[in-house]
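One file, work_20.cif, carrying mmCIF, C-alpha atoms:
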```
data_structure
loop_
_atom_site.label_atom_id
_atom_site.label_comp_id
_atom_site.auth_asym_id
_atom_site.auth_seq_id
_atom_site.Cartn_x
_atom_site.Cartn_y
_atom_site.Cartn_z
CA MET B 1 -1.40 29.18 -38.29
CA PHE B 2 1.22 31.61 -39.48
CA GLY B 3 0.22 35.21 -39.87
CA SER B 4 0.64 36.90 -43.20
CA LEU B 5 4.33 37.26 -43.99
CA SER B 6 3.87 40.61 -45.63
CA ASN B 7 2.68 42.73 -42.79
CA SER B 8 1.47 45.56 -44.92
CA GLY B 9 -1.99 45.27 -43.40
CA GLY B 10 -3.96 44.68 -46.57
CA SER B 11 -7.69 44.86 -46.26
CA PHE B 12 -9.63 41.63 -45.78
CA PHE B 13 -11.39 42.36 -49.05
CA ASP B 14 -8.22 42.02 -51.12
CA ASP B 15 -9.25 38.43 -51.78
CA PHE B 16 -12.65 39.54 -53.01
CA ARG B 17 -11.01 42.20 -55.10
CA ARG B 18 -8.76 39.59 -56.72
CA LEU B 19 -11.77 37.40 -57.42
CA GLU B 20 -13.58 40.38 -58.86
CA GLU B 21 -10.62 41.04 -61.15
CA GLU B 22 -10.63 37.46 -62.38
CA MET B 23 -14.38 37.64 -63.03
CA ASP B 24 -13.86 40.91 -64.88
CA GLY B 25 -11.27 39.23 -67.06
CA LEU B 26 -13.68 36.45 -67.92
CA PHE B 27 -16.88 38.38 -68.42
CA GLY B 28 -15.74 41.92 -69.08
CA ARG B 29 -16.22 44.79 -66.69
CA TRP B 30 -19.84 45.94 -66.22
CA PRO B 31 -22.85 43.89 -67.36
CA TRP B 32 -22.42 44.68 -71.03
CA PRO B 33 -19.49 44.18 -73.43
CA ALA B 34 -16.59 46.52 -72.74
CA GLY B 35 -16.44 49.63 -74.89
CA ILE B 36 -13.92 49.54 -77.70
CA ARG B 37 -12.00 52.34 -76.01
CA SER B 38 -12.04 50.81 -72.57
CA VAL B 39 -8.72 50.20 -70.88
CA ALA B 40 -7.41 47.52 -68.55
CA ARG B 41 -8.41 47.77 -64.94
CA GLY B 42 -5.74 49.52 -63.00
CA THR B 43 -4.85 52.04 -65.69
CA TYR B 44 -3.71 55.29 -64.14
CA PRO B 45 -5.47 57.37 -63.10
CA PRO B 46 -8.68 55.67 -61.90
CA ILE B 47 -11.76 57.47 -63.14
CA ASN B 48 -15.42 57.60 -62.26
CA VAL B 49 -18.09 58.93 -64.58
CA GLY B 50 -21.55 59.90 -63.40
CA SER B 51 -24.54 61.53 -65.02
CA THR B 52 -27.70 63.40 -64.21
CA PRO B 53 -30.23 64.61 -66.79
CA GLU B 54 -28.46 68.00 -66.73
CA GLN B 55 -24.77 67.12 -66.71
CA VAL B 56 -22.05 64.52 -66.89
CA ASP B 57 -19.28 64.49 -64.27
CA VAL B 58 -15.88 62.89 -64.72
CA TYR B 59 -13.62 62.36 -61.70
CA LEU B 60 -9.94 61.50 -62.10
CA PHE B 61 -8.27 60.23 -58.93
CA ALA B 62 -4.76 61.56 -59.36
CA ALA B 63 -3.03 62.85 -56.25
CA GLY B 64 -0.05 65.16 -56.54
CA LEU B 65 -0.82 66.40 -60.06
CA ASP B 66 0.54 69.60 -61.48
CA PRO B 67 -2.58 71.22 -62.97
CA ALA B 68 -0.37 73.09 -65.46
CA SER B 69 0.62 69.76 -67.02
CA LEU B 70 -2.99 68.86 -67.78
CA ASP B 71 -4.49 68.88 -71.25
CA ILE B 72 -8.25 68.42 -71.33
CA SER B 73 -10.11 68.38 -74.62
CA LEU B 74 -13.61 67.41 -75.65
CA GLN B 75 -14.33 66.56 -79.25
CA GLN B 76 -18.02 65.76 -79.81
CA ASN B 77 -18.51 63.33 -76.93
CA LEU B 78 -14.93 62.09 -76.72
CA LEU B 79 -13.10 63.45 -73.70
CA THR B 80 -9.31 63.24 -73.65
CA VAL B 81 -7.37 63.99 -70.48
CA SER B 82 -3.61 63.84 -70.57
CA GLY B 83 -0.99 64.99 -68.12
CA ALA B 84 1.90 63.90 -65.99
CA ARG B 85 2.21 62.90 -62.35
CA LYS B 86 5.76 63.05 -61.08
CA ALA B 87 6.78 60.73 -58.25
CA PRO B 88 10.51 60.44 -58.88
CA MET B 89 12.73 58.11 -56.92
CA GLU B 90 14.78 59.95 -54.34
CA LYS B 91 18.50 59.49 -54.46
CA GLY B 92 20.67 58.00 -51.79
CA VAL B 93 17.93 56.04 -50.06
CA ASP B 94 16.87 52.40 -49.97
CA TYR B 95 13.43 51.73 -51.38
CA TYR B 96 11.22 49.05 -49.88
CA ARG B 97 8.13 49.84 -51.93
CA LYS B 98 7.59 51.85 -55.08
CA GLU B 99 3.91 51.46 -55.91
CA ARG B 100 2.91 54.99 -56.86
CA PHE B 101 2.57 55.89 -60.50
CA ASP B 102 5.27 58.13 -61.95
CA GLY B 103 5.02 59.49 -65.46
CA ALA B 104 2.68 60.64 -68.18
CA PHE B 105 -0.85 59.41 -68.70
CA ARG B 106 -3.69 59.81 -71.15
CA ARG B 107 -7.26 58.68 -70.75
CA ILE B 108 -9.86 58.85 -73.45
CA ILE B 109 -13.44 58.56 -72.30
CA THR B 110 -16.60 58.17 -74.37
CA LEU B 111 -19.38 60.25 -72.87
CA PRO B 112 -23.11 60.36 -73.64
CA GLU B 113 -23.73 61.94 -77.02
CA ASP B 114 -25.63 64.95 -75.77
CA VAL B 115 -22.73 66.56 -73.87
CA ASP B 116 -22.06 70.17 -74.80
CA PRO B 117 -18.36 70.87 -75.54
CA ASP B 118 -18.97 74.58 -74.91
CA GLN B 119 -20.03 73.97 -71.34
CA VAL B 120 -17.07 72.27 -69.71
CA ASP B 121 -15.75 73.18 -66.28
CA ALA B 122 -12.75 71.58 -64.59
CA HIS B 123 -11.14 72.00 -61.21
CA TYR B 124 -8.56 70.14 -59.16
CA ARG B 125 -8.88 69.75 -55.39
CA ASP B 126 -7.23 67.43 -52.85
CA GLY B 127 -5.96 65.16 -55.60
CA VAL B 128 -9.20 64.75 -57.54
CA LEU B 129 -9.66 66.35 -60.96
CA GLN B 130 -13.35 67.04 -61.47
CA ILE B 131 -14.69 67.76 -64.96
CA HIS B 132 -18.32 68.85 -65.28
CA ILE B 133 -19.99 68.93 -68.68
CA LYS B 134 -23.51 70.19 -69.22
CA ARG B 135 -25.78 68.23 -71.50
CA ARG B 136 -27.60 69.81 -74.40
CA GLU B 137 -31.23 70.47 -73.75
CA ALA B 138 -33.25 67.56 -75.00
CA ALA B 139 -35.50 68.23 -77.94
CA ARG B 140 -38.90 69.22 -76.70
CA PRO B 141 -41.25 66.24 -76.84
CA ARG B 142 -43.85 66.70 -79.54
CA GLN B 143 -47.46 66.53 -78.57
CA ILE B 144 -49.37 64.25 -80.87
CA GLU B 145 -52.98 65.07 -81.25
CA VAL B 146 -55.42 62.23 -81.72
CA LYS B 147 -58.03 63.14 -84.22
CA THR B 148 -61.42 61.60 -83.83
CA ALA B 149 -62.87 60.98 -87.21
CA MET P 1 -25.95 4.94 -33.66
CA ALA P 2 -28.66 7.46 -33.95
CA GLU P 3 -27.98 10.81 -32.51
CA SER P 4 -30.37 13.58 -32.26
CA LYS P 5 -28.73 16.84 -32.91
CA ASP P 6 -30.37 19.91 -31.70
CA VAL P 7 -29.49 22.80 -33.89
CA LYS P 8 -28.95 25.73 -31.67
CA THR P 9 -30.87 28.63 -33.05
CA ARG P 10 -29.71 32.14 -32.46
CA ASP P 11 -32.10 34.79 -31.45
CA THR P 12 -32.60 36.90 -34.57
CA THR P 13 -31.93 40.10 -32.70
CA GLU P 14 -28.41 38.90 -31.97
CA VAL P 15 -27.55 38.34 -35.59
CA GLN P 16 -26.50 41.65 -37.04
CA LYS P 17 -26.00 41.90 -40.75
CA ARG P 18 -22.82 43.78 -41.27
CA GLU P 19 -22.33 45.29 -44.68
CA PRO P 20 -18.71 44.64 -45.59
CA GLU P 21 -17.18 48.01 -46.22
CA LEU P 22 -14.91 48.09 -49.20
CA MET P 23 -11.70 49.85 -48.28
CA LEU P 24 -9.23 51.26 -50.72
CA ARG P 25 -5.58 50.37 -50.18
CA PRO P 26 -3.58 53.47 -51.11
CA PRO P 27 -0.44 52.84 -53.16
CA VAL P 28 2.70 53.77 -51.24
CA ASP P 29 6.37 54.50 -51.74
CA ILE P 30 8.52 53.62 -48.74
CA PHE P 31 12.20 54.36 -48.42
CA GLU P 32 14.81 54.54 -45.72
CA ASP P 33 18.02 56.39 -45.13
CA GLY P 34 20.28 56.94 -42.17
CA ASN P 35 17.85 59.32 -40.50
CA GLY P 36 14.62 57.38 -40.71
CA ILE P 37 11.86 56.00 -42.84
CA THR P 38 9.66 58.00 -45.23
CA LEU P 39 6.29 56.85 -46.48
CA ILE P 40 4.39 58.54 -49.29
CA ALA P 41 0.78 57.52 -49.97
CA ASP P 42 -1.74 58.49 -52.66
CA MET P 43 -5.11 59.31 -51.11
CA PRO P 44 -6.97 61.42 -53.67
CA GLY P 45 -10.02 63.15 -52.28
CA VAL P 46 -8.76 63.25 -48.70
CA SER P 47 -8.27 66.58 -47.00
CA LYS P 48 -6.49 67.19 -43.69
CA ASP P 49 -9.62 67.03 -41.57
CA ARG P 50 -10.56 63.68 -43.08
CA LEU P 51 -7.18 62.11 -42.45
CA ASN P 52 -6.51 59.88 -39.47
CA LEU P 53 -2.98 58.81 -38.64
CA GLN P 54 -2.45 56.48 -35.71
CA VAL P 55 0.99 55.55 -34.55
CA ASP P 56 2.21 53.57 -31.61
CA ARG P 57 5.39 51.72 -30.87
CA ASP P 58 4.46 48.79 -33.11
CA SER P 59 2.36 50.09 -35.92
CA LEU P 60 1.36 52.93 -38.15
CA ILE P 61 -2.22 53.06 -39.37
CA VAL P 62 -3.16 55.40 -42.18
CA GLU P 63 -6.86 56.09 -42.69
CA GLY P 64 -8.67 58.66 -44.73
CA GLU P 65 -12.13 59.50 -45.99
CA ALA P 66 -12.38 60.89 -49.50
CA GLU P 67 -14.91 63.61 -50.04
CA ILE P 68 -16.27 63.94 -53.54
CA ASP P 69 -19.07 66.43 -53.94
CA MET P 70 -21.54 64.87 -56.34
CA PRO P 71 -24.89 66.25 -57.47
CA GLU P 72 -28.05 64.66 -56.11
CA GLY P 73 -29.26 61.62 -57.97
CA MET P 74 -26.08 61.13 -59.99
CA GLU P 75 -26.06 57.83 -61.82
CA ALA P 76 -22.78 55.97 -62.22
CA LEU P 77 -21.75 55.33 -65.83
CA HIS P 78 -18.30 54.03 -64.98
CA ALA P 79 -16.61 53.47 -61.64
CA ASP P 80 -12.97 52.48 -61.21
CA VAL P 81 -13.21 53.68 -57.62
CA ARG P 82 -16.03 52.14 -55.60
CA SER P 83 -15.31 53.36 -52.12
CA THR P 84 -14.35 56.55 -50.36
CA ARG P 85 -12.42 55.00 -47.49
CA TYR P 86 -8.70 54.46 -47.51
CA ARG P 87 -6.92 52.27 -45.00
CA ARG P 88 -3.51 50.70 -44.76
CA SER P 89 -1.39 49.67 -41.80
CA PHE P 90 2.31 49.01 -41.33
CA ALA P 91 4.22 47.20 -38.63
CA LEU P 92 6.99 49.34 -37.22
CA SER P 93 10.28 48.21 -35.74
CA GLY P 94 11.78 49.22 -32.43
CA GLU P 95 14.52 51.47 -33.70
CA LEU P 96 12.02 54.05 -34.93
CA GLU P 97 11.36 57.10 -32.78
CA THR P 98 7.61 57.35 -33.21
CA ASP P 99 7.40 60.50 -31.05
CA GLY P 100 9.28 62.35 -33.75
CA ILE P 101 6.82 61.48 -36.49
CA ASP P 102 6.17 64.22 -39.02
CA ALA P 103 3.36 64.21 -41.57
CA GLY P 104 2.09 66.46 -44.34
CA LEU P 105 -0.78 66.26 -46.82
CA LYS P 106 -0.99 68.12 -50.10
CA ASP P 107 -3.23 67.47 -53.12
CA GLY P 108 -4.10 64.05 -51.75
CA VAL P 109 -0.45 63.01 -51.27
CA LEU P 110 0.42 62.06 -47.70
CA ARG P 111 4.08 62.18 -46.72
CA VAL P 112 5.10 60.69 -43.37
CA HIS P 113 8.59 60.67 -41.90
CA ILE P 114 9.53 58.63 -38.85
CA PRO P 115 13.02 59.22 -37.54
CA LYS P 116 15.24 56.54 -36.11
CA ARG P 117 16.25 56.72 -32.50
CA ALA P 118 19.35 58.83 -32.06
CA GLU P 119 21.44 55.98 -30.75
CA VAL P 120 20.63 53.86 -33.79
CA ARG P 121 21.54 56.40 -36.43
CA PRO P 122 24.83 55.84 -38.18
CA ARG P 123 27.33 57.83 -36.25
CA LYS P 124 30.26 59.51 -37.81
CA ILE P 125 33.28 58.76 -35.64
CA GLU P 126 35.69 61.60 -35.33
CA VAL P 127 39.30 60.56 -35.34
CA ARG P 128 41.41 62.71 -33.12
CA ALA P 129 44.84 63.54 -34.31
CA GLU P 130 47.30 62.69 -31.55
#
```

Representation of the structure as structure tokens:
Amino acid sequence: MFGSLSNSGGSFFDDFRRLEEEMDGLFGRWPWPAGIRSVARGTYPPINVGSTPEQVDVYLFAAGLDPASLDISLQQNLLTVSGARKAPMEKGVDYYRKERFDGAFRRIITLPEDVDPDQVDAHYRDGVLQIHIKRREAARPRQIEVKTA
Amino acid sequence: MAESKDVKTRDTTEVQKREPELMLRPPVDIFEDGNGITLIADMPGVSKDRLNLQVDRDSLIVEGEAEIDMPEGMEALHADVRSTRYRRSFALSGELETDGIDAGLKDGVLRVHIPKRAEVRPRKIEVRAE
């Protein structure tokens, strides 16, 4: 009968998202047990990791970053990205909402074991930090000859 | 009392299966001062040509499409973000001068300023010395 009191126009799928969060809490994110380094949903910044046979791509969704504040390091297959995203409160104004992250962050991501730390490329565009890492060439499959006795 | 109920069947061509599109709700900071209201939204991946701002007397709708160039056949290992569409809307009040809206987008941060109508802004009253 009454419309939503908070008229912030949330998407219809907010309810599904909330349900998804509860399910995640019960069963762990993803079909298998959460990695020991995994962080709570909602940790800033959100990241996506994708792979092809040739490379692994990591995307960090962090708008308004200062690329100079970023520290990206890859040790074996452990990628660490740390930096700061400033969103300071302006003075002399009345705030109604302050939802955007402000401060320092660090995310540590376990990547497939065959990533090559010497072949990392990173660039920042339109608020997305993209890190591309080439994978080491797989060992050539050995041909096994069947001897007929 | 027995009733026969005829279940009305819909012609299958009428029933369209709509895939619910998951929209991302960008986090915002909103603040106000004497001059107007400022809204700052995080929309990583959105460039100017993929941004759609709609404003009328009653509402402000912010929409954007994130563009992430991914190689062909990339398999997801981890996905915090499962959509590329941002959308959020806000009801506006009458004292805002929507014609004077000003917006900028940089590194995925959208900043929108809507001034208040001149007659509503706090006026400094000059006191004449007699």

The PyMOL selection byres ((chain P) within 8 of (chain B)) on the file shown: which residues, as a ChimeraX atom specification? /P:22-25,27-33,41-47,71,73-81,87-91,106-109

Need the neighbours of (-16.4, 66.8, -73.3): which residues are at most 8 Å away, counting all atoms listed in the file, as a ChimeraX atom specification? /B:73-80,111,115-117,120,133

Show me, as AutoDock Vina command-line options, the centre and edge lengths in Å to one decimal of the axis-aligned box that covers every listed atom of stretch 115-131 of chain B with 3 Å on each side.
```
--center_x -14.3 --center_y 69.7 --center_z -64.2 --size_x 22.8 --size_y 15.8 --size_z 28.7
```

So that I can check the surroundings of stretch 97-100 of chain P, please list as a JSON list (two decimals) with C-alpha atoms, in the coordinates of the input every protein, DNA and RNA residue that reaches within 6 Å of it, counting only C-alpha atoms and ignoring chain neighbours fewer than 6 positions away.
```
[["chain", "number", "residue", "atom", "x", "y", "z"],
["P", 115, "PRO", "CA", 13.02, 59.22, -37.54],
["P", 116, "LYS", "CA", 15.24, 56.54, -36.11],
["P", 117, "ARG", "CA", 16.25, 56.72, -32.50]]
```

What residues come out when you apply the PyMOL selection byres ((chain B and resi 121) around 8) to this file, written as a list of chain:residue names? B:Gln119, B:Val120, B:Ala122, B:His123, B:Ile131, B:His132, B:Ile133

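Here atom CA of P:Pro26 stands at a distance of 19.5 Å from atom CA of B:Ala104.
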
The distance between atom CA of B:Pro67 and atom CA of B:Arg106 is 14.1 Å
